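Worksheet: the structure to be examined is printed underneath.
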Amino acid sequence: MALEAYASQNTDKIHPDVLSQARISCYKARDAFYSCLEKESSKKPTEIATVGLLYPVECKKTREEYVRQCRPTWVKHFDRQYCAKKRVQRLLDDNDSRRGV
């Protein structure tokens with residue numbers, strides 16, 4: 001009887017408000033971690049994240065929160081995006097310093 005009552009509920013129903021809240025909290029945790037990376041960029045990175053991303057120990061708590069709030073595939077995707085952005089920025093900075101007058 002209890003099983004029938006449970007099965008009769010629409011468990012496949014999608015709750016967009018819950019999904020959007022989870023996404024927003026993930027984005028906030030991501031932004032906090034990457035702003036910590038930018039703020040602590042002068043310190044030596046000692047911790048290793050996904051896709052070879054290195055970060056200083058001062059950002060460890062924000063990284064843990066970021067990993068806890070976001071799906072693992074999202075974390076990997078955002079880390080790849082961040083590394084690619086940094087790589088392009090580094091290349092652009094190198095090209096600016098090599099240009100003549």
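Following the order of the structure tokens, first chain is A, next is B, and so on, with residues numbered from 1 inside each chain and ligands from 1 in the order they appear.
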
Quick one: residues within 12 Å of Ala84 of chain A, only C-alpha atoms counted, chain neighbours fewer than 5 positions away excluded, as a list in words?
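In the requested form, the answer reads Val51, Gly52, Leu53, His77, Phe78, Asp79, Gln89, Arg90 and Leu91 of chain A.
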
Can you list, as a VMD selection string, every protein, DNA or RNA residue that comes within 12 Å of Thr46 of chain A when you count only C-alpha atoms, leaving out same-chain residues fewer than 4 positions away?
chain A and resid 40 to 41 52 to 60

Write the residues of the preceding selection, restricted to all heavy atoms, as a PDB file, in the first residue's frame.
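Dumped to part_11.pdb:
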ATOM      1  N   GLU A  40      45.374  35.501  -5.010  1.00  0.00           N
ATOM      2  CA  GLU A  40      46.560  34.847  -4.464  1.00  0.00           C
ATOM      3  C   GLU A  40      47.542  34.430  -5.561  1.00  0.00           C
ATOM      4  O   GLU A  40      48.370  33.552  -5.362  1.00  0.00           O
ATOM      5  CB  GLU A  40      46.149  33.604  -3.662  1.00  0.00           C
ATOM      6  CG  GLU A  40      45.151  33.850  -2.554  1.00  0.00           C
ATOM      7  CD  GLU A  40      45.710  34.657  -1.401  1.00  0.00           C
ATOM      8  OE1 GLU A  40      46.947  34.783  -1.287  1.00  0.00           O
ATOM      9  OE2 GLU A  40      44.910  35.175  -0.613  1.00  0.00           O
ATOM     10  N   SER A  41      47.475  35.066  -6.717  1.00  0.00           N
ATOM     11  CA  SER A  41      48.296  34.652  -7.851  1.00  0.00           C
ATOM     12  C   SER A  41      49.792  34.839  -7.602  1.00  0.00           C
ATOM     13  O   SER A  41      50.612  34.190  -8.245  1.00  0.00           O
ATOM     14  CB  SER A  41      47.888  35.404  -9.112  1.00  0.00           C
ATOM     15  OG  SER A  41      48.126  36.780  -8.952  1.00  0.00           O
ATOM     16  N   GLY A  52      45.168  19.533 -14.369  1.00  0.00           N
ATOM     17  CA  GLY A  52      46.476  20.115 -14.111  1.00  0.00           C
ATOM     18  C   GLY A  52      46.460  21.521 -13.563  1.00  0.00           C
ATOM     19  O   GLY A  52      47.495  22.181 -13.520  1.00  0.00           O
ATOM     20  N   LEU A  53      45.316  22.001 -13.141  1.00  0.00           N
ATOM     21  CA  LEU A  53      45.221  23.340 -12.567  1.00  0.00           C
ATOM     22  C   LEU A  53      45.909  23.354 -11.208  1.00  0.00           C
ATOM     23  O   LEU A  53      45.631  22.516 -10.354  1.00  0.00           O
ATOM     24  CB  LEU A  53      43.752  23.747 -12.415  1.00  0.00           C
ATOM     25  CG  LEU A  53      43.474  25.083 -11.749  1.00  0.00           C
ATOM     26  CD1 LEU A  53      43.966  26.225 -12.634  1.00  0.00           C
ATOM     27  CD2 LEU A  53      41.997  25.241 -11.482  1.00  0.00           C
ATOM     28  N   LEU A  54      46.824  24.288 -11.023  1.00  0.00           N
ATOM     29  CA  LEU A  54      47.523  24.432  -9.747  1.00  0.00           C
ATOM     30  C   LEU A  54      46.966  25.642  -9.014  1.00  0.00           C
ATOM     31  O   LEU A  54      46.662  26.659  -9.628  1.00  0.00           O
ATOM     32  CB  LEU A  54      49.018  24.621  -9.987  1.00  0.00           C
ATOM     33  CG  LEU A  54      49.722  23.476 -10.693  1.00  0.00           C
ATOM     34  CD1 LEU A  54      51.147  23.874 -11.034  1.00  0.00           C
ATOM     35  CD2 LEU A  54      49.712  22.226  -9.851  1.00  0.00           C
ATOM     36  N   TYR A  55      46.862  25.524  -7.692  1.00  0.00           N
ATOM     37  CA  TYR A  55      46.364  26.648  -6.906  1.00  0.00           C
ATOM     38  C   TYR A  55      47.054  26.673  -5.548  1.00  0.00           C
ATOM     39  O   TYR A  55      47.514  25.647  -5.055  1.00  0.00           O
ATOM     40  CB  TYR A  55      44.843  26.590  -6.754  1.00  0.00           C
ATOM     41  CG  TYR A  55      44.300  25.377  -6.031  1.00  0.00           C
ATOM     42  CD1 TYR A  55      44.010  25.433  -4.675  1.00  0.00           C
ATOM     43  CD2 TYR A  55      44.064  24.177  -6.695  1.00  0.00           C
ATOM     44  CE1 TYR A  55      43.507  24.332  -4.003  1.00  0.00           C
ATOM     45  CE2 TYR A  55      43.556  23.083  -6.048  1.00  0.00           C
ATOM     46  CZ  TYR A  55      43.282  23.167  -4.697  1.00  0.00           C
ATOM     47  OH  TYR A  55      42.786  22.073  -4.036  1.00  0.00           O
ATOM     48  N   PRO A  56      47.151  27.858  -4.929  1.00  0.00           N
ATOM     49  CA  PRO A  56      47.811  27.963  -3.629  1.00  0.00           C
ATOM     50  C   PRO A  56      46.946  27.383  -2.505  1.00  0.00           C
ATOM     51  O   PRO A  56      45.729  27.274  -2.636  1.00  0.00           O
ATOM     52  CB  PRO A  56      48.015  29.472  -3.449  1.00  0.00           C
ATOM     53  CG  PRO A  56      47.059  30.110  -4.365  1.00  0.00           C
ATOM     54  CD  PRO A  56      46.784  29.151  -5.471  1.00  0.00           C
ATOM     55  N   VAL A  57      47.590  27.027  -1.420  1.00  0.00           N
ATOM     56  CA  VAL A  57      46.901  26.406  -0.292  1.00  0.00           C
ATOM     57  C   VAL A  57      45.867  27.360   0.324  1.00  0.00           C
ATOM     58  O   VAL A  57      44.889  26.908   0.925  1.00  0.00           O
ATOM     59  CB  VAL A  57      47.927  25.898   0.752  1.00  0.00           C
ATOM     60  CG1 VAL A  57      48.561  27.059   1.512  1.00  0.00           C
ATOM     61  CG2 VAL A  57      47.297  24.905   1.697  1.00  0.00           C
ATOM     62  N   GLU A  58      46.052  28.654   0.144  1.00  0.00           N
ATOM     63  CA  GLU A  58      45.090  29.634   0.683  1.00  0.00           C
ATOM     64  C   GLU A  58      43.715  29.495   0.034  1.00  0.00           C
ATOM     65  O   GLU A  58      42.719  29.930   0.610  1.00  0.00           O
ATOM     66  CB  GLU A  58      45.611  31.066   0.474  1.00  0.00           C
ATOM     67  CG  GLU A  58      46.791  31.440   1.328  1.00  0.00           C
ATOM     68  CD  GLU A  58      48.122  30.929   0.787  1.00  0.00           C
ATOM     69  OE1 GLU A  58      48.163  30.432  -0.357  1.00  0.00           O
ATOM     70  OE2 GLU A  58      49.116  31.046   1.519  1.00  0.00           O
ATOM     71  N   CYS A  59      43.652  28.907  -1.134  1.00  0.00           N
ATOM     72  CA  CYS A  59      42.383  28.750  -1.844  1.00  0.00           C
ATOM     73  C   CYS A  59      41.771  27.358  -1.654  1.00  0.00           C
ATOM     74  O   CYS A  59      40.791  27.021  -2.320  1.00  0.00           O
ATOM     75  CB  CYS A  59      42.581  29.020  -3.324  1.00  0.00           C
ATOM     76  SG  CYS A  59      43.148  30.681  -3.685  1.00  0.00           S
ATOM     77  N   LYS A  60      42.332  26.578  -0.753  1.00  0.00           N
ATOM     78  CA  LYS A  60      41.877  25.201  -0.595  1.00  0.00           C
ATOM     79  C   LYS A  60      40.424  25.119  -0.127  1.00  0.00           C
ATOM     80  O   LYS A  60      39.646  24.299  -0.617  1.00  0.00           O
ATOM     81  CB  LYS A  60      42.785  24.456   0.382  1.00  0.00           C
ATOM     82  CG  LYS A  60      42.577  22.972   0.364  1.00  0.00           C
ATOM     83  CD  LYS A  60      43.680  22.252   1.107  1.00  0.00           C
ATOM     84  CE  LYS A  60      43.506  20.768   0.880  1.00  0.00           C
ATOM     85  NZ  LYS A  60      44.702  20.028   1.127  1.00  0.00           N
TER      86      LYS A  60
END

Can you measure atom CA of Asp31 of chain A to atom CA of Asp93 of chain A for me? One decimal in Å is fine.
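Straight-line distance from atom CA of Asp31 of chain A to atom CA of Asp93 of chain A works out to 23.4 Å.
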